[in-house]
Structures are given as structure tokens and as C-alpha cells.
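Engineer: Let me give you the structure first, and then I'll get to my questions.
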Amino acid sequence: MKTLSGVDGAFLHLETPETPMHVGSLSLFELPAGYKGNFFADVKREIRKRLSLVPVFTRKLAPMPLQFANPAWITQARVDLGYHLQHLKLPAPGTQAQLEDCVGALHSELLDRSQPLWRLYIIDGLQSGLVGYYVKVHHAVLDGQAGVMLAQALFDVTPQPRVIEKGAPLHAEHPGMGELAAAALRHDVGQYIKLVRHLPDVVKALTGMFGSRAPAQAKGRLGQNFSFGPKTPLNGPITGERGFAAVSIPMATLKQLAVAHEAKLNDVVMALCSGALRRYLAAHGGIPKRPLIASMPISLRAAGNTEYTTQATLSLVNLNTHIADPVKRLLAIRDAAGAVKAMAQRAKGVIPTDFPSIGVPWVLHGLASLYGRSGLAGAMPPVANVVISNVPGPQVPLYASGARMATYWPLSIPEHGVGLNLTVMSYAGAMGFGFTTARSAVPDARELTAALLAALDELVGRTPAATPRKPAPPPKVDSVKKAVKATTRAQSGTASVRAASGRTRRVGAQKP
């Protein structure tokens with residue numbers, strides 16, 4: 001039994017029918033040549049073997065008496081794979097748009113809290129011959145980096161599935177009310193002690209960032225991120241219906257852009273998102289005079305930490321959408337994002353991911369319900385206009401039951417006041433952009449993927465040729481098994497990747 005951390009518990013308490021708090025991913029798999037089997041049955045068989053590998057599969061919630069504090073995780077010995085794994089087939093013709101709409105509808109549905117908080121769907125019927133693989137997991141269970149660890153458990157790095165050693169049998173936990181209450185009290189006492197102990201470090205960190213001794217230039221770059229965003233169609237109360245659209249861009253293209261403009265890969269990603277939002281808003285009410293503000297998660301996970309929990313904080317970044325020139329906008333975003341990340345690094349050791357929780361469930365759930373019903377999200381100026389998250393993912397091909405993963409696209413959480421979540425994850429030489437929308441805010445998510453590719457063309461056209469760098473050596477399979485982190489050449493598996501791959505050749509083709 002383990003009590004949920006303060007951050008993980010918050011994702012539970014803030015959940016309403018309009019704001020499901022699960023994250024997910026959509027992958028497309030290429031079946032082996034001549035395959036005559038049943039992919040759904042094969043995946044189900046492999047999942048059954050791997051239930052003991054990660055606690056995500058077997059953890060379920062044990063609520064506290066009267067919901068007075070965060071619940072605890074307990075182990076469920078028998079996992080009902082008939083509930084957790086589902087097999088769907090798209091109607092003809094089975095287009096990418098149909099797949100995205102299907103996944104958007106699945107992402108709208110709340111997870112059953114009486115079960116471990118995950119579900120997996122195999123989706124057949126695609127005209128491309130590929131197979132869809134959509135999995136969703138509650139954000140109370142994991143963050144983006146923990147999601148990468150989950151992928152290591154679900155998938156293999158060779159077509160031949162690895163041998164899974166039979167683990168110790170799972171034993172169901174049945175704590176009583178007294179045991180649960182005692183665990184909550186112990187947790188909160190520990191957190192109060194930790195807060196008091198860390199208070200001097202917090203004061204020291206804040207003084208270093210904002211005090212009189214902080215460099216004026218650094219404070220200026222940082223300060224531009226802390227202002228309210230403008231009102232846009234993205235920012236208002238939302239309904240529970242979700243939309244989704246995805247596109248992949250070769251990593252080589254993005255790296256060339258980063259080198260040419262002396263920026264980081266994440267700066268280029270943010271600049272492309274900014275350009276896409278400019279184009280979308282130009283067609284939906286106009287580009288605001290004030291720049292949009294993005295909420296950007298920053299990982300607080302220490303190297304080697306393998307806990308399945310959320311270890312991240314949120315920061316704000318000025319997207320400089322008021323700047324028309326794509327290169328000037330990229331450089332402005334580079335400065336803004338760099339200042340935020342520098343601040344986060346200085347404060348990393350004192351930002352809490354856990355805190356006392358007695359009474360918190362009542363307060364947070366009440367506020368979440370009131371915020372949605374009252375319409376405050378439409379009346380208040382937005383703190384952030386959009387959420388943009390960039391998670392480094394596996395850089396070698398992955399396999400499920402012998403089938404190769406061709407693409408990987410993440411899904412995440414829109415909220416009241418922030419009707420668009422744009423999550424980006426790298427996989428095997430490509431960067432997958434996943435646009436998760438509240439349909440009440442963005443009726444057609446595919447307008448955003450088209451705008452992203454147009455923003456890419458615009459930036460490529462304004463970019464001089466970059467000095468070519470030596471290609472990184474191919475990653476070793478052994479190192480990937482330990483931590484799936486490397487860099488490889490782009491590998492495209494879908495029409496969306498192939499459509500974007502033409503941009504690689506045009507980097508350096510300066511427009512007259």
C-alpha cells in the first residue's frame with residue numbers, strides 16, 4: 001500500500017466529466033510480412049505475461065474514509081484483461097481521419113476507478129493495412145517520463161518478444177479504514193516536517209532568482225513569461241467531447257533548424273507550435289495583439305528515478321505570437337524558454353511534488369466543479385492559452401508481438417480555460433505532434449496539423465543552410481534496454497511522416 005503524492009492526488013480531485021484526467025498515446029503498427037495470426041490475441045497474451053513488470057497494470061485506488069485525504073494505491077491480484085483490452089474495427093474506408101476521430105471519442109471516456117486506471121484498444125480496419133494501438137492511463141499514475149518506462153515494459157526492441165521471467169505471485173491488499181487513515185496521517189506528518197526543513201532553501205532560491213542581486217537582463221527575460229494571455233477561442237469553459245489530430249516531422253529537419261538558428265530542439269518545437277497557433281487564430285477571430293502564453297511542464301525527475309508517479313512542475317513561456325517574422329519569433333522564444341528553464345534548474349531541488357493532503361480532496365473537487373459550472377473560465381483572463389509539452393521518447397524501433405511500431409503520437413488533457421493540449425514526443429528519428437482538443441473549443445483538430453506543417457514550411461524557407469554535422473552512431477540494443485534514449489535517423493511509417501519528410505530537403509533553400 002502506498003499513499004498517493006499530493007500532485008498525483010490532485011489529478012484525481014480535479015477530474016470531472018468535462019475534464020478527464022488521463023493521458024494516452026496512439027501508435028500505428030506494421031504487421032510482419034505474411035502474418036496470418038490474430039494481433040489482438042497476441043497482444044493480450046503478451047500483456048498477461050507482463051502484468052508483474054510495472055505497478056501501473058495492477059494498482060488500484062483504495063479511497064480514504066469520507067474522502068478526507070488522498071487515497072492509497074493497493075495491489076489487485078487478478079486483473080480483468082477482458083475489461084482493460086478492447087478490440088475495435090473502423091468502418092470503411094478506414095482513413096487516418098476516422099482513426100483520429102475514434103481515438104478522440106475514446107479519450108473522452110472516464111476511466112473506471114474501481115479498476116486499475118488504464119485501458120488499451122487495438123483498432124483494425126485502416127486502409128493503410130497498419131493497426132492502431134491506443135492506450136490511456138490516468139495522470140495520477142504517471143507523468144511523461146514514467147510513460148516512456150511503461151513503453152519499455154509494453155514493447156520490445158526486436159521483432160522477437162523477449163522472454164519474460166515469471167514473477168512472484170501478486171497478493172491482493174485489503175486495508176481497513178483504520179489502516180488507511182493511519183497511513184494518511186503518517187504521510188501528512190512527514191510532509192509537514194519536509195516543508196519546514198526545506199523552507200530556508202526555498203527562500204534562498206527565490207532570492208537568487210528575483211532578489212536585488214539577480215541580473216537585470218535575466219529578470220527581464222524571465223518576467224516576459226509572467227503575464228496573462230489574451231482571450232482566444234481556445235480559452236473558455238469546455239465540454240467532455242475530445243478531438244484529436246496528429247502529424248510527424250523528421251527529427252533531422254528539426255535539428256537542422258536548431259543548428260541554423262543556434263537554438264535548442266525544444267525552441268524549434270515551441271516556435272512551430274507558435275506559428276501553427278498564429279495561422280489557426282488568423283482564421284478564427286484574428287491573431288491577438290498580445291502574445292499567447294504556453295504552460296510548459298518541466299520534469300523534476302532525478303536521473304535513475306524509476307518511480308511510477310508524477311514528478312514535474314508547470315512553467316509559463318511567452319510564445320511571442322505577436323511577432324510575424326518566423327525567425328525573430330524563434331529567437332524570442334529561445335530567450336523566453338531559456339530563462340524559464342534556467343529558473344527551474346535553480347529551483348529544482350525545492351519545488352515540491354508532494355504535500356499534505358488532509359482536506360485537499362474536498363477543496364479541490366469542489367473548486368473544480370465550481371470553476372466549470374460558474375463560467376469563470378470564460379470570464380477570467382487566461383493564465384495560459386495552451387499547454388505544450390515535449391517528452392523525449394525511444395529512439396529505436398519498438399515492436400509489439402512481432403509488429404513494428406511505425407509512429408507514436410501522444411494524447412493529453414485539455415482543461416477549462418485551456419481547450420488545447422499540444423504534446424510532442426520523439427520516436428525513432430521522428431517527432432510526433434499530438435493535438436488533443438476540447439471539441440467545444442476546436443471543432444476540427446486537423447486544422448491545427450495543417451497549420452503546423454505550413455509553419456514548418458515557412459521557417460524552412462527562411463533558414464539558411466546549416467553546417468552538416470556528423471551523424472550519431474546507431475544506438476546499441478543493450479543500452480536501449482536500460483534506458484531508451486539515443487538519436488537515430490528519421491524513419492517514416494505513415495503518410496503524415498512522408499508528407500513532412502519533404503521539408504528536410506528544403507532546409508537551406510532561402511526564399512528570395
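Chain labels A, B, ... are given in the sequence in which chains occur in the C-alpha cells; within each chain residues are numbered consecutively from 1, and ligands are likewise numbered from 1 in the order shown.
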Neighbouring residues of segment 227-239 of chain A were defined as those with any atom within 6 Å, considering only C-alpha atoms; residues of the same chain fewer than 6 positions away were excluded. Please report them as a count of residues only.

Structural biologist: 14

Engineer: Tell me, counting only C-alpha atoms, for each residue of segment 11-76 of chain A within 10 Å of segment 241-249 of chain A, which pair of atoms is nearest and how far apart they are in Å to one decimal, in rows ordered by chain and increasing number, as JSON lines.

Structural biologist:
{"residue": "A:Pro17", "atom": "CA", "partner": "A:Glu241", "partner_atom": "CA", "distance": 9.5}
{"residue": "A:Glu18", "atom": "CA", "partner": "A:Glu241", "partner_atom": "CA", "distance": 7.6}
{"residue": "A:Thr19", "atom": "CA", "partner": "A:Glu241", "partner_atom": "CA", "distance": 9.2}
{"residue": "A:Pro20", "atom": "CA", "partner": "A:Arg242", "partner_atom": "CA", "distance": 9.8}
{"residue": "A:Leu26", "atom": "CA", "partner": "A:Ala246", "partner_atom": "CA", "distance": 9.1}

Engineer: Apply DSSP to the backbone of this structure and, from segment 407-457 of chain A, keep only the residues in strand (DSSP E); write these as a ChimeraX atom specification.

Structural biologist: /A:407-411,420-427,430-438

Engineer: Which residue, A:Phe155, A:Phe433, A:Phe29, A:Tyr399, has the smallest gap to Ser412 of chain A when you use only C-alpha atoms?

Structural biologist: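 Between A:Phe155, A:Phe433, A:Phe29, A:Tyr399, the residue approaching Ser412 of chain A most closely is A:Phe433.
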
Engineer: Name the closest residue to Lys60 of chain A among the candidates A:Asp8, A:Glu173, A:Glu109, A:Asp156; distances are taken between atoms, counting only C-alpha atoms.

Structural biologist: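 Closest to Lys60 of chain A of all the choices is A:Glu173.
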
Engineer: Which value, in Å to one decimal, gives the distance between atom CA of Ala400 of chain A and atom CA of Gly24 of chain A?

Structural biologist: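 Those two atoms sit 16.9 Å apart.
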
Engineer: Find the distance between atom CA of Val317 of chain A and atom CA of Tyr408 of chain A and write it in Å to one decimal.

Structural biologist: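 Interatomic distance here is 25.6 Å.
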
Engineer: Can you work out the spacing between atom CA of His261 of chain A and atom CA of Asp335 of chain A in Å, to one decimal?

Structural biologist: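 According to the coordinates, atom CA of His261 of chain A and atom CA of Asp335 of chain A are separated by 12.2 Å.
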
Engineer: With a distance cut-off of 9 Å and only C-alpha atoms, select the neighbouring residues of Leu126 of chain A, excluding the residue or stretch itself and same-chain residues fewer than 6 positions from it, and output the selection as number ranges by chain.

Structural biologist: A: 89-96, 98-99, 132

Engineer: Put those residues in a file: C-alpha atoms, as a PDB file, in the first residue's frame.

Structural biologist:
ATOM      1  CA  LYS A  89     -12.702  -2.093 -36.193  1.00  0.00           C
ATOM      2  CA  LEU A  90     -13.135   1.128 -38.158  1.00  0.00           C
ATOM      3  CA  PRO A  91     -15.878   1.287 -40.801  1.00  0.00           C
ATOM      4  CA  ALA A  92     -14.772   1.502 -44.433  1.00  0.00           C
ATOM      5  CA  PRO A  93     -12.764   3.149 -45.861  1.00  0.00           C
ATOM      6  CA  GLY A  94     -10.648   3.354 -42.663  1.00  0.00           C
ATOM      7  CA  THR A  95      -8.901   6.702 -43.132  1.00  0.00           C
ATOM      8  CA  GLN A  96      -6.454   8.440 -40.798  1.00  0.00           C
ATOM      9  CA  GLN A  98     -11.558   8.197 -38.966  1.00  0.00           C
ATOM     10  CA  LEU A  99      -8.863   6.768 -36.697  1.00  0.00           C
ATOM     11  CA  GLY A 132      -3.930   1.226 -34.425  1.00  0.00           C
TER      12      GLY A 132
END

Engineer: Would you kindly return, as a PyMOL selection string, each protein, DNA or RNA residue with an atom no farther than 8 Å from any atom of Val23 of chain A, considering only C-alpha atoms and excluding same-chain residues fewer than 5 positions away?

Structural biologist: chain A and resi 136-139+410-413

Engineer: If we count only C-alpha atoms, what is near Ile123 of chain A at a cut-off of 10 Å, once residues fewer than 4 positions away on the same chain are taken out, given as a PDB file with N, CA, C and O atoms, in the first residue's frame?

Structural biologist:
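Here's the written file part33.pdb:
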ATOM      1  N   LEU A  28       0.804   3.370 -34.603  1.00  0.00           N
ATOM      2  CA  LEU A  28       0.437   2.528 -35.735  1.00  0.00           C
ATOM      3  C   LEU A  28       1.485   1.437 -35.871  1.00  0.00           C
ATOM      4  O   LEU A  28       2.696   1.717 -35.828  1.00  0.00           O
ATOM      5  N   PHE A  40      -4.682  -8.888 -31.977  1.00  0.00           N
ATOM      6  CA  PHE A  40      -5.282  -8.582 -30.679  1.00  0.00           C
ATOM      7  C   PHE A  40      -5.013  -9.705 -29.681  1.00  0.00           C
ATOM      8  O   PHE A  40      -4.617  -9.450 -28.531  1.00  0.00           O
ATOM      9  N   GLN A  86      -9.484  -3.938 -25.392  1.00  0.00           N
ATOM     10  CA  GLN A  86     -10.642  -3.924 -26.263  1.00  0.00           C
ATOM     11  C   GLN A  86     -10.200  -3.987 -27.720  1.00  0.00           C
ATOM     12  O   GLN A  86      -9.132  -3.486 -28.089  1.00  0.00           O
ATOM     13  N   HIS A  87     -11.037  -4.599 -28.560  1.00  0.00           N
ATOM     14  CA  HIS A  87     -10.733  -4.757 -29.987  1.00  0.00           C
ATOM     15  C   HIS A  87     -11.809  -4.039 -30.794  1.00  0.00           C
ATOM     16  O   HIS A  87     -12.998  -4.360 -30.668  1.00  0.00           O
ATOM     17  N   LEU A  88     -11.411  -3.072 -31.609  1.00  0.00           N
ATOM     18  CA  LEU A  88     -12.338  -2.280 -32.408  1.00  0.00           C
ATOM     19  C   LEU A  88     -11.972  -2.379 -33.883  1.00  0.00           C
ATOM     20  O   LEU A  88     -10.833  -2.670 -34.244  1.00  0.00           O
ATOM     21  N   LYS A  89     -12.960  -2.132 -34.752  1.00  0.00           N
ATOM     22  CA  LYS A  89     -12.702  -2.093 -36.193  1.00  0.00           C
ATOM     23  C   LYS A  89     -13.372  -0.860 -36.778  1.00  0.00           C
ATOM     24  O   LYS A  89     -14.559  -0.626 -36.557  1.00  0.00           O
ATOM     25  N   LEU A  90     -12.599  -0.072 -37.528  1.00  0.00           N
ATOM     26  CA  LEU A  90     -13.135   1.128 -38.158  1.00  0.00           C
ATOM     27  C   LEU A  90     -14.030   0.745 -39.328  1.00  0.00           C
ATOM     28  O   LEU A  90     -13.767  -0.243 -40.031  1.00  0.00           O
ATOM     29  N   LEU A  99      -9.613   7.264 -37.855  1.00  0.00           N
ATOM     30  CA  LEU A  99      -8.863   6.768 -36.697  1.00  0.00           C
ATOM     31  C   LEU A  99      -8.733   7.852 -35.637  1.00  0.00           C
ATOM     32  O   LEU A  99      -8.956   7.601 -34.442  1.00  0.00           O
ATOM     33  N   CYS A 102     -12.017   8.364 -33.895  1.00  0.00           N
ATOM     34  CA  CYS A 102     -12.288   7.238 -32.993  1.00  0.00           C
ATOM     35  C   CYS A 102     -11.508   7.391 -31.697  1.00  0.00           C
ATOM     36  O   CYS A 102     -12.065   7.231 -30.595  1.00  0.00           O
ATOM     37  N   VAL A 103     -10.230   7.734 -31.803  1.00  0.00           N
ATOM     38  CA  VAL A 103      -9.394   7.879 -30.614  1.00  0.00           C
ATOM     39  C   VAL A 103      -9.843   9.079 -29.791  1.00  0.00           C
ATOM     40  O   VAL A 103      -9.836   9.041 -28.553  1.00  0.00           O
ATOM     41  N   LEU A 130      -2.087  -0.828 -41.715  1.00  0.00           N
ATOM     42  CA  LEU A 130      -1.492  -0.746 -40.385  1.00  0.00           C
ATOM     43  C   LEU A 130      -2.574  -0.984 -39.332  1.00  0.00           C
ATOM     44  O   LEU A 130      -3.770  -0.977 -39.623  1.00  0.00           O
ATOM     45  N   VAL A 131      -2.140  -1.194 -38.095  1.00  0.00           N
ATOM     46  CA  VAL A 131      -3.067  -1.454 -36.996  1.00  0.00           C
ATOM     47  C   VAL A 131      -2.880  -0.376 -35.939  1.00  0.00           C
ATOM     48  O   VAL A 131      -1.746  -0.060 -35.547  1.00  0.00           O
ATOM     49  N   GLY A 132      -3.988   0.207 -35.469  1.00  0.00           N
ATOM     50  CA  GLY A 132      -3.930   1.226 -34.425  1.00  0.00           C
ATOM     51  C   GLY A 132      -3.803   0.600 -33.045  1.00  0.00           C
ATOM     52  O   GLY A 132      -4.350  -0.471 -32.766  1.00  0.00           O
ATOM     53  N   TYR A 133      -3.075   1.302 -32.161  1.00  0.00           N
ATOM     54  CA  TYR A 133      -2.801   0.814 -30.805  1.00  0.00           C
ATOM     55  C   TYR A 133      -2.914   2.025 -29.884  1.00  0.00           C
ATOM     56  O   TYR A 133      -2.010   2.843 -29.799  1.00  0.00           O
ATOM     57  N   TYR A 134      -4.075   2.154 -29.252  1.00  0.00           N
ATOM     58  CA  TYR A 134      -4.328   3.310 -28.378  1.00  0.00           C
ATOM     59  C   TYR A 134      -4.373   2.846 -26.933  1.00  0.00           C
ATOM     60  O   TYR A 134      -5.114   1.914 -26.588  1.00  0.00           O
TER      61      TYR A 134
END

Engineer: List as a list in words the protein and nucleic acid residues near segment 275-277 of chain A, meaning an atom at most 9 Å away when only C-alpha atoms are counted, but skip any in the same chain fewer than 4 places from it.

Structural biologist: Met270, Ala271, Leu281, Ala282, Ile287, Leu292, Thr321, Ala324, Pro326, Arg329, Leu448, Thr449, Ala450, Ala451, Leu452, Leu453, Ala454, Ala455, Leu456, Glu458 and Leu459 of chain A

Engineer: Given the selection you just returned, output its residues as a file containing C-alpha atoms, formatted as a PDB file, in the first residue's frame.

Structural biologist:
ATOM      1  CA  MET A 270       7.806  25.727 -29.489  1.00  0.00           C
ATOM      2  CA  ALA A 271       8.313  28.075 -32.451  1.00  0.00           C
ATOM      3  CA  LEU A 281      -6.229  32.035 -34.908  1.00  0.00           C
ATOM      4  CA  ALA A 282      -5.899  34.137 -38.071  1.00  0.00           C
ATOM      5  CA  ILE A 287      -4.262  36.997 -34.162  1.00  0.00           C
ATOM      6  CA  LEU A 292      -0.099  33.838 -26.288  1.00  0.00           C
ATOM      7  CA  THR A 321       2.760  35.052 -31.380  1.00  0.00           C
ATOM      8  CA  ALA A 324       5.094  37.857 -37.658  1.00  0.00           C
ATOM      9  CA  PRO A 326       9.233  33.275 -38.020  1.00  0.00           C
ATOM     10  CA  ARG A 329       9.798  34.703 -33.252  1.00  0.00           C
ATOM     11  CA  LEU A 448      -4.006  22.561 -36.442  1.00  0.00           C
ATOM     12  CA  THR A 449      -1.878  19.838 -38.041  1.00  0.00           C
ATOM     13  CA  ALA A 450      -2.228  21.593 -41.412  1.00  0.00           C
ATOM     14  CA  ALA A 451      -1.218  24.867 -39.756  1.00  0.00           C
ATOM     15  CA  LEU A 452       1.806  23.181 -38.156  1.00  0.00           C
ATOM     16  CA  LEU A 453       3.103  21.909 -41.498  1.00  0.00           C
ATOM     17  CA  ALA A 454       2.564  25.362 -43.025  1.00  0.00           C
ATOM     18  CA  ALA A 455       4.536  26.905 -40.137  1.00  0.00           C
ATOM     19  CA  LEU A 456       7.319  24.389 -40.789  1.00  0.00           C
ATOM     20  CA  GLU A 458       7.584  29.000 -43.519  1.00  0.00           C
ATOM     21  CA  LEU A 459      10.515  28.534 -41.127  1.00  0.00           C
TER      22      LEU A 459
END

Engineer: Using only C-alpha atoms, which protein or nucleic acid residues come within 12 Å of Arg113 of chain A? Drop anything in the same chain fewer than 5 positions from it, and give the result as a list in words.

Structural biologist: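 After dropping sequence-adjacent residues, the list is Leu12, Glu15, Met21, His22, Arg59, Lys60, Leu61, Ala62, Pro63, Pro71, Trp73, Trp118, Arg119, Val137, His138, Ala140 and Val141 of chain A.
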
Engineer: Nearest residue to Ala182 of chain A out of A:Ile74, A:Asp325, A:Lys2, A:Leu142, using only C-alpha atoms?

Structural biologist: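 For Ala182 of chain A, the nearest of the candidates is A:Lys2.
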
Engineer: Taking only C-alpha atoms into account, name the residue in A:Leu154, A:Ile333, A:Leu367, A:Leu257 that is nearest to Leu51 of chain A.

Structural biologist: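 Under the stated criterion, the closest residue is A:Leu154.
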